[in-house]
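To keep things clear, I will list the structure first and then write my remarks on it.
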Amino acid sequence: MTAPEHPARRMPTGRRFDLRATAMFFGLAALGLGLVGLVARMAFGVAERRPAWAVLLSLGVAVAVVIGRRGRNRVSAARLARRTTDALEQATATALDALDAERPAEPAPPAVPCDRSAAVVVTDHDALTPDEFEQAIADLCVRDGCAEVEVVGGAGDLGADVLALTPDGRRVVIQCKRYGEDNKVGSEELQRFGGTCFTVHGADVAVLVTSSDFTAPAADYARRCGIVCVDRAGLRAWSEGTGPAPWVPEPRAGRELLDRELPDRAWQ
């Protein structure tokens, strides 16, 4: 009697256990869990300050999960962990950038008012050279709160000896004339300065300072062109702090003009 033959049982052909791949998977999983903890800790802080950014962080995590699910049939466990890690890192960077952008700026230090009485500059201008005279005028500008003060006098200066910005941001162009008391500034010198101070140097305030005085035609030209003239007495008052800086408008100028135009008007 012949015994029937039974087909040989096939052994399952599934993937064999790989210790190296398993260890890598758990290592990456631990890294992912660490990042999840870090993100969760940051999420609580963000939620307290900016709830909107907490929602954004949650969406980032959700996107990472969706990406992982879509590729689980096509990618290995290591690639899935790597994608999840990248998504978490990107969400963390977004949260950090949001916190930096929303961090309130440090308040600017309060402006320190100019104390002219504490820095009075009294100088014998007659004893100075022309260069020293220009520097003395620049020092007065610094004392009275000007910024970007610069001495530019010299060959080719086109009439500008000192440049500065007033405390309220106006551009001041100053020409300095260190003359003897008997040598007055004439009309021709005012005309040369008037031809460059506004058109070339872009002055908001044009000033001519002298250690002497101005002739009547020169003062009249300056008045018509809007150039501020500082004579010997005005310079001394400015230096000693008893008079205004040249860029400070005279409070009575408008009233005196109206007085001339409307002499019959009674002012209260």
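Here, A, B, ... name the chains of the structure tokens in the order displayed, residue numbers run from 1 inside each chain, and ligands are numbered from 1 in the same displayed order.
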
**Request:** Identify, on the basis of only C-alpha atoms, every residue whose closest approach to segment 167-172 of chain A does not exceed 7 Å; exclude the query and any residue fewer than 3 positions from it along the same chain; express the result as a ChimeraX atom specification.
**Result:** /A:145-146,163-164,203-206

Using only C-alpha atoms, which residues sit within 8 Å of segment 180-190 of chain A once same-chain residues fewer than 4 positions away are excluded, as a JSON list (two decimals) with all heavy atoms, in the first residue's frame?
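Output contents, as saved in selection03.json:
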```json
[["chain", "number", "residue", "atom", "x", "y", "z"],
["A", 126, "ASP", "N", 37.96, 137.51, 19.95],
["A", 126, "ASP", "CA", 38.96, 138.31, 19.25],
["A", 126, "ASP", "C", 40.33, 137.65, 19.29],
["A", 126, "ASP", "O", 41.18, 137.93, 18.42],
["A", 126, "ASP", "CB", 39.04, 139.71, 19.86],
["A", 126, "ASP", "CG", 37.75, 140.50, 19.62],
["A", 126, "ASP", "OD1", 37.10, 140.26, 18.59],
["A", 126, "ASP", "OD2", 37.41, 141.33, 20.47],
["A", 194, "GLY", "N", 24.14, 133.84, 0.67],
["A", 194, "GLY", "CA", 22.75, 133.58, 0.30],
["A", 194, "GLY", "C", 22.60, 132.79, -0.98],
["A", 194, "GLY", "O", 21.58, 132.12, -1.19],
["A", 210, "THR", "N", 29.35, 136.54, 13.27],
["A", 210, "THR", "CA", 30.58, 137.34, 13.20],
["A", 210, "THR", "C", 30.94, 137.86, 14.57],
["A", 210, "THR", "O", 30.08, 138.05, 15.44],
["A", 210, "THR", "CB", 30.41, 138.51, 12.21],
["A", 210, "THR", "OG1", 31.64, 139.24, 12.15],
["A", 210, "THR", "CG2", 29.30, 139.45, 12.65],
["A", 211, "SER", "N", 32.23, 138.06, 14.76],
["A", 211, "SER", "CA", 32.70, 138.69, 15.99],
["A", 211, "SER", "C", 32.69, 140.21, 15.86],
["A", 211, "SER", "O", 33.14, 140.90, 16.77],
["A", 211, "SER", "CB", 34.13, 138.21, 16.31],
["A", 211, "SER", "OG", 34.99, 138.46, 15.20],
["A", 212, "SER", "N", 32.16, 140.70, 14.75],
["A", 212, "SER", "CA", 32.07, 142.14, 14.50],
["A", 212, "SER", "C", 30.61, 142.55, 14.41],
["A", 212, "SER", "O", 29.81, 142.25, 15.29],
["A", 212, "SER", "CB", 32.84, 142.50, 13.22],
["A", 212, "SER", "OG", 32.75, 143.87, 12.96],
["A", 213, "ASP", "N", 30.24, 143.20, 13.32],
["A", 213, "ASP", "CA", 28.88, 143.68, 13.12],
["A", 213, "ASP", "C", 28.55, 143.64, 11.63],
["A", 213, "ASP", "O", 29.39, 143.22, 10.82],
["A", 213, "ASP", "CB", 28.72, 145.10, 13.68],
["A", 213, "ASP", "CG", 27.28, 145.41, 14.05],
["A", 213, "ASP", "OD1", 26.38, 144.69, 13.57],
["A", 213, "ASP", "OD2", 27.06, 146.38, 14.80],
["A", 214, "PHE", "N", 27.35, 144.06, 11.24],
["A", 214, "PHE", "CA", 26.90, 144.05, 9.86],
["A", 214, "PHE", "C", 26.61, 145.47, 9.39],
["A", 214, "PHE", "O", 26.11, 146.31, 10.16],
["A", 214, "PHE", "CB", 25.63, 143.20, 9.71],
["A", 214, "PHE", "CG", 25.81, 141.77, 10.08],
["A", 214, "PHE", "CD1", 25.66, 141.33, 11.39],
["A", 214, "PHE", "CD2", 26.15, 140.83, 9.11],
["A", 214, "PHE", "CE1", 25.82, 140.00, 11.73],
["A", 214, "PHE", "CE2", 26.31, 139.50, 9.44],
["A", 214, "PHE", "CZ", 26.15, 139.07, 10.75],
["A", 215, "THR", "N", 26.89, 145.73, 8.13],
["A", 215, "THR", "CA", 26.48, 147.01, 7.56],
["A", 215, "THR", "C", 24.97, 147.00, 7.38],
["A", 215, "THR", "O", 24.32, 145.94, 7.36],
["A", 215, "THR", "CB", 27.16, 147.24, 6.20],
["A", 215, "THR", "OG1", 26.72, 146.23, 5.28],
["A", 215, "THR", "CG2", 28.67, 147.18, 6.35],
["A", 217, "PRO", "N", 23.12, 147.71, 4.63],
["A", 217, "PRO", "CA", 22.68, 146.95, 3.45],
["A", 217, "PRO", "C", 22.77, 145.44, 3.65],
["A", 217, "PRO", "O", 21.92, 144.69, 3.17],
["A", 217, "PRO", "CB", 23.62, 147.42, 2.35],
["A", 217, "PRO", "CG", 24.08, 148.77, 2.78],
["A", 217, "PRO", "CD", 24.19, 148.68, 4.27],
["A", 218, "ALA", "N", 23.80, 144.99, 4.37],
["A", 218, "ALA", "CA", 23.94, 143.56, 4.62],
["A", 218, "ALA", "C", 22.80, 143.05, 5.50],
["A", 218, "ALA", "O", 22.22, 141.99, 5.24],
["A", 218, "ALA", "CB", 25.29, 143.27, 5.26],
["A", 219, "ALA", "N", 22.47, 143.79, 6.55],
["A", 219, "ALA", "CA", 21.38, 143.39, 7.43],
["A", 219, "ALA", "C", 20.05, 143.39, 6.69],
["A", 219, "ALA", "O", 19.20, 142.50, 6.90],
["A", 219, "ALA", "CB", 21.32, 144.31, 8.64],
["A", 221, "TYR", "N", 19.61, 142.89, 3.40],
["A", 221, "TYR", "CA", 19.60, 141.74, 2.49],
["A", 221, "TYR", "C", 19.30, 140.46, 3.27],
["A", 221, "TYR", "O", 18.51, 139.61, 2.82],
["A", 221, "TYR", "CB", 20.94, 141.63, 1.78],
["A", 221, "TYR", "CG", 21.06, 140.40, 0.91],
["A", 221, "TYR", "CD1", 20.58, 140.40, -0.39],
["A", 221, "TYR", "CD2", 21.65, 139.24, 1.41],
["A", 221, "TYR", "CE1", 20.67, 139.26, -1.18],
["A", 221, "TYR", "CE2", 21.74, 138.10, 0.64],
["A", 221, "TYR", "CZ", 21.25, 138.11, -0.66],
["A", 221, "TYR", "OH", 21.34, 136.97, -1.43],
["A", 222, "ALA", "N", 19.93, 140.30, 4.42],
["A", 222, "ALA", "CA", 19.70, 139.09, 5.21],
["A", 222, "ALA", "C", 18.25, 138.98, 5.65],
["A", 222, "ALA", "O", 17.66, 137.90, 5.66],
["A", 222, "ALA", "CB", 20.62, 139.10, 6.44]]
```

**Request:** Could you find all residues in segment 111-226 of chain A that DSSP calls strand (DSSP E or B) from the backbone, and write them as a PyMOL selection string?
**Result:** chain A and resi 147-151+162-165+171-177+185+205-210+214

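With atom CA of Cys229 of chain A on one side and atom CA of Ala127 of chain A on the other, the separation reads 21.3 Å.
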
**Asked** Can you list, as a count of residues only, every protein, DNA or RNA residue that comes within 12 Å of His125 of chain A when you count only C-alpha atoms, leaving out same-chain residues fewer than 2 positions away?
**Response** 30
